[in-house]
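Pasted below: coords.txt, compact mmCIF, N, CA and C atoms.
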# COMPACT_ATOMS: atom_id res chain seq x y z
N MET D 189 72.81 92.51 170.16
CA MET D 189 74.13 92.51 169.57
C MET D 189 75.07 91.66 170.42
N GLY D 190 75.96 90.91 169.79
CA GLY D 190 76.88 90.02 170.49
C GLY D 190 77.96 90.79 171.21
N MET D 191 78.72 90.06 172.03
CA MET D 191 79.76 90.70 172.81
C MET D 191 81.10 90.72 172.09
N GLY D 192 81.20 90.09 170.94
CA GLY D 192 82.43 90.10 170.19
C GLY D 192 83.35 88.96 170.58
N ILE D 193 84.38 88.80 169.79
CA ILE D 193 85.28 87.67 169.98
C ILE D 193 86.10 87.78 171.26
N ILE D 194 86.54 88.97 171.62
CA ILE D 194 87.33 89.14 172.84
C ILE D 194 86.48 88.82 174.07
N GLY D 195 85.25 89.30 174.08
CA GLY D 195 84.35 89.00 175.20
C GLY D 195 84.05 87.52 175.30
N THR D 196 83.89 86.87 174.15
CA THR D 196 83.63 85.43 174.13
C THR D 196 84.82 84.67 174.71
N ILE D 197 86.03 85.06 174.35
CA ILE D 197 87.22 84.40 174.87
C ILE D 197 87.35 84.62 176.37
N VAL D 198 87.10 85.83 176.83
CA VAL D 198 87.20 86.11 178.27
C VAL D 198 86.17 85.32 179.06
N ILE D 199 84.92 85.34 178.62
CA ILE D 199 83.87 84.58 179.30
C ILE D 199 84.16 83.08 179.20
N GLY D 200 84.61 82.63 178.03
CA GLY D 200 84.97 81.23 177.86
C GLY D 200 86.06 80.80 178.82
N PHE D 201 87.06 81.65 179.01
CA PHE D 201 88.14 81.34 179.94
C PHE D 201 87.62 81.26 181.37
N ILE D 202 86.78 82.21 181.76
CA ILE D 202 86.22 82.20 183.13
C ILE D 202 85.38 80.95 183.35
N VAL D 203 84.53 80.62 182.39
CA VAL D 203 83.71 79.41 182.50
C VAL D 203 84.60 78.17 182.55
N GLY D 204 85.63 78.11 181.71
CA GLY D 204 86.54 76.97 181.70
C GLY D 204 87.27 76.80 183.03
N VAL D 205 87.76 77.90 183.59
CA VAL D 205 88.46 77.84 184.88
C VAL D 205 87.51 77.37 185.98
N LEU D 206 86.31 77.91 186.01
CA LEU D 206 85.33 77.49 187.03
C LEU D 206 84.95 76.02 186.87
N ALA D 207 84.78 75.57 185.63
CA ALA D 207 84.44 74.17 185.39
C ALA D 207 85.56 73.26 185.87
N LYS D 208 86.82 73.63 185.58
CA LYS D 208 87.95 72.83 186.03
C LYS D 208 88.04 72.83 187.55
N PHE D 209 87.69 73.94 188.19
CA PHE D 209 87.71 74.03 189.65
C PHE D 209 86.62 73.17 190.27
N LEU D 210 85.42 73.17 189.68
CA LEU D 210 84.29 72.44 190.24
C LEU D 210 84.31 70.95 189.93
N HIS D 211 84.96 70.57 188.83
CA HIS D 211 85.01 69.17 188.43
C HIS D 211 86.18 68.49 189.13
N PRO D 212 85.92 67.38 189.84
CA PRO D 212 87.03 66.69 190.49
C PRO D 212 87.96 66.06 189.46
N GLY D 213 89.21 65.98 189.80
CA GLY D 213 90.19 65.43 188.88
C GLY D 213 91.15 66.51 188.41
N LYS D 214 92.20 66.08 187.77
CA LYS D 214 93.21 67.03 187.32
C LYS D 214 93.35 66.93 185.81
N GLU D 215 92.99 67.98 185.14
CA GLU D 215 93.16 68.08 183.70
C GLU D 215 94.29 69.07 183.45
N ASN D 216 95.29 68.65 182.76
CA ASN D 216 96.41 69.53 182.44
C ASN D 216 96.10 70.29 181.16
N MET D 217 95.45 71.43 181.33
CA MET D 217 95.08 72.27 180.19
C MET D 217 95.68 73.64 180.39
N GLY D 218 96.20 74.19 179.33
CA GLY D 218 96.72 75.55 179.37
C GLY D 218 95.61 76.56 179.12
N PHE D 219 96.03 77.80 178.93
CA PHE D 219 95.08 78.90 178.72
C PHE D 219 94.20 78.65 177.51
N PHE D 220 94.81 78.26 176.39
CA PHE D 220 94.06 78.08 175.14
C PHE D 220 93.00 76.98 175.29
N LEU D 221 93.37 75.82 175.82
CA LEU D 221 92.40 74.73 175.97
C LEU D 221 91.33 75.06 177.00
N THR D 222 91.68 75.82 178.02
CA THR D 222 90.68 76.24 179.01
C THR D 222 89.64 77.16 178.35
N CYS D 223 90.09 78.06 177.49
CA CYS D 223 89.16 78.92 176.74
C CYS D 223 88.27 78.09 175.84
N ILE D 224 88.88 77.14 175.13
CA ILE D 224 88.10 76.26 174.24
C ILE D 224 87.07 75.47 175.03
N LEU D 225 87.46 75.01 176.22
CA LEU D 225 86.53 74.28 177.09
C LEU D 225 85.32 75.14 177.43
N GLY D 226 85.55 76.37 177.86
CA GLY D 226 84.44 77.26 178.21
C GLY D 226 83.56 77.60 177.02
N ILE D 227 84.18 77.88 175.88
CA ILE D 227 83.41 78.19 174.67
C ILE D 227 82.63 76.96 174.22
N GLY D 228 83.27 75.80 174.29
CA GLY D 228 82.58 74.54 173.96
C GLY D 228 81.40 74.28 174.87
N GLY D 229 81.56 74.58 176.16
CA GLY D 229 80.45 74.43 177.11
C GLY D 229 79.29 75.33 176.77
N ALA D 230 79.60 76.55 176.36
CA ALA D 230 78.54 77.49 175.96
C ALA D 230 77.83 77.01 174.70
N LEU D 231 78.61 76.50 173.74
CA LEU D 231 78.00 75.99 172.51
C LEU D 231 77.14 74.76 172.78
N LEU D 232 77.63 73.87 173.62
CA LEU D 232 76.86 72.68 173.98
C LEU D 232 75.56 73.08 174.68
N ALA D 233 75.65 74.00 175.63
CA ALA D 233 74.46 74.45 176.36
C ALA D 233 73.47 75.14 175.41
N ARG D 234 73.98 75.91 174.48
CA ARG D 234 73.11 76.60 173.51
C ARG D 234 72.40 75.57 172.62
N PHE D 235 73.16 74.60 172.11
CA PHE D 235 72.58 73.58 171.23
C PHE D 235 71.49 72.79 171.94
N ILE D 236 71.78 72.32 173.15
CA ILE D 236 70.80 71.54 173.90
C ILE D 236 69.61 72.43 174.30
N GLY D 237 69.90 73.66 174.73
CA GLY D 237 68.84 74.58 175.12
C GLY D 237 67.90 74.90 173.98
N GLN D 238 68.43 75.07 172.78
CA GLN D 238 67.58 75.34 171.62
C GLN D 238 66.80 74.09 171.22
N ALA D 239 67.42 72.91 171.37
CA ALA D 239 66.74 71.66 171.01
C ALA D 239 65.53 71.39 171.90
N VAL D 240 65.62 71.77 173.17
CA VAL D 240 64.50 71.52 174.08
C VAL D 240 63.60 72.74 174.27
N GLY D 241 63.92 73.84 173.59
CA GLY D 241 63.04 75.00 173.60
C GLY D 241 63.31 76.04 174.68
N PHE D 242 64.47 75.95 175.36
CA PHE D 242 64.81 76.97 176.36
C PHE D 242 65.26 78.27 175.72
N TYR D 243 65.93 78.17 174.58
CA TYR D 243 66.46 79.34 173.90
C TYR D 243 65.92 79.41 172.48
N GLY D 244 65.76 80.63 172.00
CA GLY D 244 65.35 80.84 170.62
C GLY D 244 66.55 80.71 169.69
N PRO D 245 66.32 80.80 168.40
CA PRO D 245 67.40 80.61 167.43
C PRO D 245 68.52 81.64 167.52
N THR D 246 68.25 82.82 168.05
CA THR D 246 69.28 83.85 168.14
C THR D 246 69.79 84.06 169.55
N GLU D 247 69.33 83.26 170.50
CA GLU D 247 69.74 83.45 171.90
C GLU D 247 70.95 82.57 172.24
N ASN D 248 71.80 83.11 173.10
CA ASN D 248 72.94 82.36 173.60
C ASN D 248 72.61 81.76 174.95
N ALA D 249 73.36 80.74 175.34
CA ALA D 249 73.17 80.12 176.65
C ALA D 249 73.64 81.08 177.73
N GLY D 250 73.07 80.96 178.91
CA GLY D 250 73.48 81.78 180.04
C GLY D 250 74.77 81.27 180.66
N PHE D 251 75.27 82.00 181.63
CA PHE D 251 76.54 81.67 182.28
C PHE D 251 76.47 80.32 182.98
N VAL D 252 75.42 80.09 183.74
CA VAL D 252 75.29 78.82 184.49
C VAL D 252 75.15 77.64 183.53
N ALA D 253 74.35 77.80 182.49
CA ALA D 253 74.20 76.73 181.51
C ALA D 253 75.52 76.45 180.81
N SER D 254 76.29 77.49 180.52
CA SER D 254 77.60 77.32 179.89
C SER D 254 78.55 76.57 180.83
N LEU D 255 78.48 76.89 182.11
CA LEU D 255 79.30 76.20 183.10
C LEU D 255 78.94 74.72 183.17
N ILE D 256 77.66 74.42 183.18
CA ILE D 256 77.22 73.02 183.20
C ILE D 256 77.67 72.31 181.93
N GLY D 257 77.55 72.97 180.80
CA GLY D 257 78.02 72.39 179.54
C GLY D 257 79.51 72.09 179.57
N ALA D 258 80.31 72.99 180.14
CA ALA D 258 81.75 72.78 180.24
C ALA D 258 82.07 71.60 181.16
N ILE D 259 81.33 71.46 182.24
CA ILE D 259 81.54 70.33 183.15
C ILE D 259 81.19 69.03 182.46
N VAL D 260 80.11 69.03 181.67
CA VAL D 260 79.74 67.83 180.90
C VAL D 260 80.88 67.45 179.95
N ILE D 261 81.47 68.44 179.29
CA ILE D 261 82.60 68.18 178.39
C ILE D 261 83.77 67.60 179.17
N LEU D 262 84.04 68.13 180.37
CA LEU D 262 85.13 67.59 181.19
C LEU D 262 84.87 66.14 181.59
N VAL D 263 83.63 65.81 181.91
CA VAL D 263 83.29 64.43 182.28
C VAL D 263 83.51 63.50 181.09
N ILE D 264 83.07 63.93 179.92
CA ILE D 264 83.27 63.13 178.71
C ILE D 264 84.76 63.00 178.41
N TYR D 265 85.50 64.09 178.52
CA TYR D 265 86.94 64.08 178.29
C TYR D 265 87.63 63.12 179.26
N GLY D 266 87.22 63.15 180.52
CA GLY D 266 87.81 62.26 181.53
C GLY D 266 87.54 60.80 181.22
N ALA D 267 86.34 60.50 180.75
CA ALA D 267 85.98 59.11 180.42
C ALA D 267 86.77 58.63 179.21
N VAL D 268 86.92 59.48 178.21
CA VAL D 268 87.67 59.10 177.02
C VAL D 268 89.16 58.98 177.33
N ALA D 269 89.70 59.91 178.10
CA ALA D 269 91.13 59.88 178.43
C ALA D 269 91.47 58.67 179.30
N LYS D 270 90.53 58.24 180.13
CA LYS D 270 90.75 57.09 181.00
C LYS D 270 90.87 55.81 180.19
N ARG D 271 90.12 55.70 179.12
CA ARG D 271 90.14 54.51 178.25
C ARG D 271 91.43 54.41 177.45
N SER D 272 92.05 55.55 177.18
CA SER D 272 93.27 55.54 176.34
C SER D 272 94.49 55.09 177.09

Mind turning the file's structure into structure tokens?
Amino acid sequence: MGMGIIGTIVIGFIVGVLAKFLHPGKENMGFFLTCILGIGGALLARFIGQAVGFYGPTENAGFVASLIGAIVILVIYGAVAKRS
């Protein structure tokens, strides 16, 4: 059974904050975007993990994989923002 929307937001926020802390550079993101970053990292990690066979169709990505996914999103965001 899933953890629910509140749990997803809380974990997403924690993952987003840690990703912003570990990734060099300064991203001006508020609470909402930080949550979206963490949730996006978890979704990215889940998608890639399922594509390569790490996770089954009903499994979610782990905390570390979600953190790595969020950092990947920050790197992509930094590259796109730099070009603009």

*Pick from D:Ala258, D:Ala239, D:Ala269, D:Ala233, whichever lies nearest to Leu210 of chain D using only C-alpha atoms*: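 That would be D:Ala258, the residue with the smallest distance to Leu210 of chain D.
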
_Using only N, CA and C atoms, can you tell me which of D:Asn216, D:Thr246, D:Gln238, D:Thr222 comes closest to Gly204 of chain D?_
D:Thr222

*D:Gly257, D:Ile224, D:Ile264, D:Val198 ranked by distance to Ile236 of chain D, top pick (using only C-alpha atoms)*: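 The shortest atom-to-atom distance to Ile236 of chain D comes from D:Gly257.
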
*Give me, please, the distance in Å between atom C of Lys270 of chain D and atom N of Ile227 of chain D, quoted to one decimal.*
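Taking atom C of Lys270 of chain D and atom N of Ile227 of chain D, their separation equals 23.5 Å.
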
*Between atom N of Ile194 of chain D and atom CA of Leu206 of chain D, distance in Å (one decimal)*: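 These two atoms are separated by 19.3 Å.
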
*Take atom CA of Ile202 of chain D and atom N of Arg271 of chain D and report the distance between them in Å, one decimal.*
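Going from atom CA of Ile202 of chain D over to atom N of Arg271 of chain D covers 27.1 Å.
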
*asked:* Just checking: using only C-alpha atoms, which residue out of D:Ala249, D:Val203, D:Leu262, D:Ala267 ends up closest to Gly226 of chain D?
replied: D:Val203

*Could you pull out the residues in chain D that DSSP calls alpha helix (DSSP H) from the backbone, as number ranges by chain?*
D: 192-210, 219-239, 251-271

*Which of D:Gly195, D:Val268, D:Ile259, D:Gly228 sits closest to His211 of chain D [using only N, CA and C atoms]*: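 Result for the nearest residue to His211 of chain D: D:Ile259.
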
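The shortest atom-to-atom distance to Pro212 of chain D, with only C-alpha atoms taken into account, belongs to D:Val263 out of D:Val240, D:Ile199, D:Val252, D:Val263.
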